[in-house]
Structure formats: structure tokens, C-alpha cells
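Shown next: upload.cif, containing mmCIF, C-alpha atoms.
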data_my_file
loop_
_atom_site.label_atom_id
_atom_site.label_comp_id
_atom_site.auth_asym_id
_atom_site.auth_seq_id
_atom_site.Cartn_x
_atom_site.Cartn_y
_atom_site.Cartn_z
CA MET A 124 122.34 101.55 121.83
CA HIS A 125 119.89 102.77 119.18
CA GLN A 126 121.60 104.20 116.11
CA THR A 127 119.92 106.84 114.04
CA GLN A 128 119.46 105.70 110.46
CA ASN A 129 118.00 107.45 107.47
CA TYR A 130 114.96 105.66 106.10
CA GLN A 131 113.25 106.41 102.84
CA ILE A 132 109.70 105.28 102.08
CA LEU A 133 108.82 104.72 98.42
CA ALA A 134 105.17 104.04 97.53
CA GLY A 135 104.51 102.89 101.08
CA GLN A 136 107.43 100.47 101.07
CA CYS A 137 110.59 100.77 103.16
CA ALA A 138 113.44 101.41 100.75
CA GLY A 139 116.77 99.93 101.75
CA PRO A 140 116.49 98.16 105.09
CA GLN A 141 113.67 95.68 105.43
CA LEU A 142 112.45 97.27 108.68
CA CYS A 143 111.67 100.92 109.28
CA PRO A 144 110.19 102.97 112.15
CA LEU A 145 106.40 103.30 112.29
CA SER A 146 106.87 107.07 112.29
CA ARG A 147 108.22 106.90 108.70
CA VAL A 148 105.28 104.99 107.18
CA GLN A 149 102.76 106.79 104.97
CA VAL A 150 99.14 107.23 106.03
CA GLY A 151 96.91 104.42 104.77
CA ILE A 152 99.62 101.76 104.76
CA THR A 153 99.21 98.48 106.66
CA VAL A 154 102.35 97.20 108.38
CA CYS A 155 103.38 94.34 110.63
CA ILE A 156 105.18 95.16 113.90
CA LYS A 157 108.52 93.36 114.14
CA GLN A 158 110.36 94.96 117.08
CA LEU A 159 109.67 97.24 120.04
CA ASN A 160 112.87 99.16 120.81
CA THR A 161 111.51 100.95 123.88
CA ALA A 162 112.21 100.50 127.58
CA PRO A 163 110.83 97.23 129.03
CA GLU A 164 108.03 99.06 130.89
CA MET A 165 106.93 100.77 127.68
CA GLN A 166 107.12 97.49 125.74
CA GLU A 167 104.76 95.92 128.27
CA ARG A 168 102.31 98.83 128.00
CA LEU A 169 102.42 98.83 124.18
CA ARG A 170 101.72 95.09 124.13
CA GLU A 171 98.75 95.61 126.48
CA LEU A 172 97.37 98.14 123.96
CA GLY A 173 97.83 95.72 121.05
CA PHE A 174 101.13 97.04 119.66
CA CYS A 175 102.84 93.64 119.86
CA GLU A 176 105.18 91.75 117.57
CA GLN A 177 103.49 90.21 114.48
CA GLN A 178 100.41 92.46 114.93
CA ARG A 179 99.19 94.13 111.74
CA ILE A 180 98.26 97.77 112.12
CA LYS A 181 97.20 100.52 109.73
CA LEU A 182 98.43 104.10 109.96
CA LEU A 183 95.35 106.36 109.88
CA SER A 184 96.62 109.86 110.64
CA ARG A 185 99.75 111.89 111.37
CA HIS A 186 98.96 115.12 113.14
CA SER A 187 100.02 115.97 116.69
CA ASN A 188 100.01 112.21 117.37
CA ILE A 189 100.21 109.15 115.17
CA ILE A 190 96.83 107.42 115.00
CA CYS A 191 96.75 103.71 114.15
CA LEU A 192 94.08 101.09 113.71
CA VAL A 193 95.06 98.30 116.11
CA CYS A 194 92.74 95.35 116.79
CA ASN A 195 89.78 97.32 115.35
CA SER A 196 90.49 100.24 117.73
CA ARG A 197 92.00 103.64 117.01
CA LEU A 198 94.99 104.36 119.21
CA GLY A 199 97.24 107.41 119.30
CA ILE A 200 100.93 107.39 120.16
CA SER A 201 103.61 110.06 120.05
CA GLU A 202 106.05 110.30 117.17
CA LYS A 203 108.87 109.57 119.65
CA ILE A 204 107.31 106.22 120.55
CA ALA A 205 106.52 105.52 116.88
CA ASP A 206 110.25 106.03 116.15
CA GLU A 207 110.95 103.01 118.38
CA ILE A 208 108.39 100.65 116.81
CA MET A 209 110.06 98.84 113.91
CA VAL A 210 107.68 97.62 111.22
CA GLU A 211 107.66 95.81 107.92
CA THR A 212 105.20 96.59 105.16
CA VAL A 213 102.58 93.95 104.43
CA ALA A 214 102.94 92.38 100.99
CA ASP A 215 99.23 92.70 100.17
CA PRO A 216 97.97 96.22 100.99
CA ALA A 217 94.37 95.00 100.66
CA ILE A 218 94.79 93.05 103.92
CA THR A 219 93.41 94.97 106.88
CA PRO A 220 94.13 94.34 110.55
#

Could I get this structure in the form of C-alpha cells?
Amino acid sequence: MHQTQNYQILAGQCAGPQLCPLSRVQVGITVCIKQLNTAPEMQERLRELGFCEQQRIKLLSRHSNIICLVCNSRLGISEKIADEIMVETVADPAITP
């Protein structure tokens, strides 16, 4: 069962736990996907779109949806789905996906 945790982002880095939800990352930050905590059907669909483990993505916008740069394409997902995608910040922010 998924437990709700409080995450704090400091200067684009996850403070505390090494992983944090994609929904908590600041715009402009490049991250690496580590876990998909969604239902198996949703995991399959996310992987088809490029949201797979070890993929580097960049958060572009946070408005009604979360817009990410994935495999040189802009993709939008809901904040609810972004809450279930666990990411780790990339050590070198100059690296782009």
C-alpha cells in the first residue's frame, strides 16, 4: 500500500529521501525515473510513452497538467499520475534527455 510522505524540494533536489514524486519536482529540473507505482496497466502505458525506469526527463510546465520532455517529445500527465512516478534528481543539471 502506498504511504503518503511529505517531500521537500530544495534547489531542485529532493531533501530527505533519495526518491521523490515527479509532481514535487521544480520546473526546469532534469530527473531520472526510478519507480512507477501505478497499476500494471498504467505502468505499461507509461512505458509505451517513454516514462520508463532509468529514463531521464525534464519537467517543462506545471499548469492543469504536468508537461515533461520525454525522448525529445512533450508529454502531459495528470498530477495524480505524477504523484506515482518516483524520480531521482540528475547529478549534472546540464544533462538533457

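Distance annotation: of A:Ser146, A:Gln178, A:Gln141, A:Gln166, the residue with the minimal separation from A:Gly199 is A:Ser146; atom set is all atoms listed in the file.
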
A:Asn160 surroundings by all atoms listed in the file, 8 Å radius, close-in-sequence under 2 positions cut, as a PyMOL selection string = chain A and resi 158+162+166+207-209

ask   = Taking into account only C-alpha atoms, which residue in the set A:Met165, A:Leu172, A:Ile204, A:Val150 is nearest to A:His186?
value = A:Val150

message = To test your reading of the syntax: which residues would the PyMOL selection byres ((chain A and resi 173) around 12) return for the file shown? Reply as a PyMOL selection string.
response = chain A and resi 155-156+159+166-172+174-180+191-199+220

Any chance you could export the current selection's C-alpha atoms as a PDB file, in the frame of the given file?
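Contents of the output file selection_14.pdb:
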ATOM      1  CA  CYS A 155     103.380  94.340 110.630  1.00  0.00           C
ATOM      2  CA  ILE A 156     105.180  95.160 113.900  1.00  0.00           C
ATOM      3  CA  LEU A 159     109.670  97.240 120.040  1.00  0.00           C
ATOM      4  CA  GLN A 166     107.120  97.490 125.740  1.00  0.00           C
ATOM      5  CA  GLU A 167     104.760  95.920 128.270  1.00  0.00           C
ATOM      6  CA  ARG A 168     102.310  98.830 128.000  1.00  0.00           C
ATOM      7  CA  LEU A 169     102.420  98.830 124.180  1.00  0.00           C
ATOM      8  CA  ARG A 170     101.720  95.090 124.130  1.00  0.00           C
ATOM      9  CA  GLU A 171      98.750  95.610 126.480  1.00  0.00           C
ATOM     10  CA  LEU A 172      97.370  98.140 123.960  1.00  0.00           C
ATOM     11  CA  PHE A 174     101.130  97.040 119.660  1.00  0.00           C
ATOM     12  CA  CYS A 175     102.840  93.640 119.860  1.00  0.00           C
ATOM     13  CA  GLU A 176     105.180  91.750 117.570  1.00  0.00           C
ATOM     14  CA  GLN A 177     103.490  90.210 114.480  1.00  0.00           C
ATOM     15  CA  GLN A 178     100.410  92.460 114.930  1.00  0.00           C
ATOM     16  CA  ARG A 179      99.190  94.130 111.740  1.00  0.00           C
ATOM     17  CA  ILE A 180      98.260  97.770 112.120  1.00  0.00           C
ATOM     18  CA  CYS A 191      96.750 103.710 114.150  1.00  0.00           C
ATOM     19  CA  LEU A 192      94.080 101.090 113.710  1.00  0.00           C
ATOM     20  CA  VAL A 193      95.060  98.300 116.110  1.00  0.00           C
ATOM     21  CA  CYS A 194      92.740  95.350 116.790  1.00  0.00           C
ATOM     22  CA  ASN A 195      89.780  97.320 115.350  1.00  0.00           C
ATOM     23  CA  SER A 196      90.490 100.240 117.730  1.00  0.00           C
ATOM     24  CA  ARG A 197      92.000 103.640 117.010  1.00  0.00           C
ATOM     25  CA  LEU A 198      94.990 104.360 119.210  1.00  0.00           C
ATOM     26  CA  GLY A 199      97.240 107.410 119.300  1.00  0.00           C
ATOM     27  CA  PRO A 220      94.130  94.340 110.550  1.00  0.00           C
TER      28      PRO A 220
END

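Here atom CA of A:Val148 stands at a distance of 23.8 Å from atom CA of A:Pro163.
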
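Atom to atom, atom CA of A:Leu145 and atom CA of A:Ala205 stand 5.1 Å apart.
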
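Of note, atom CA of A:Val213 and atom CA of A:Gln149 are spaced 12.9 Å apart.
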
note = Of A:Val210, A:Leu142, A:Arg147, A:Thr161, the one nearest to A:Ile189 when counting all atoms listed in the file is A:Arg147

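With distances restricted to only C-alpha atoms, A:Asp206 is the closest residue to A:Pro144 from A:Ser201, A:Asp206, A:Lys157, A:Leu182.
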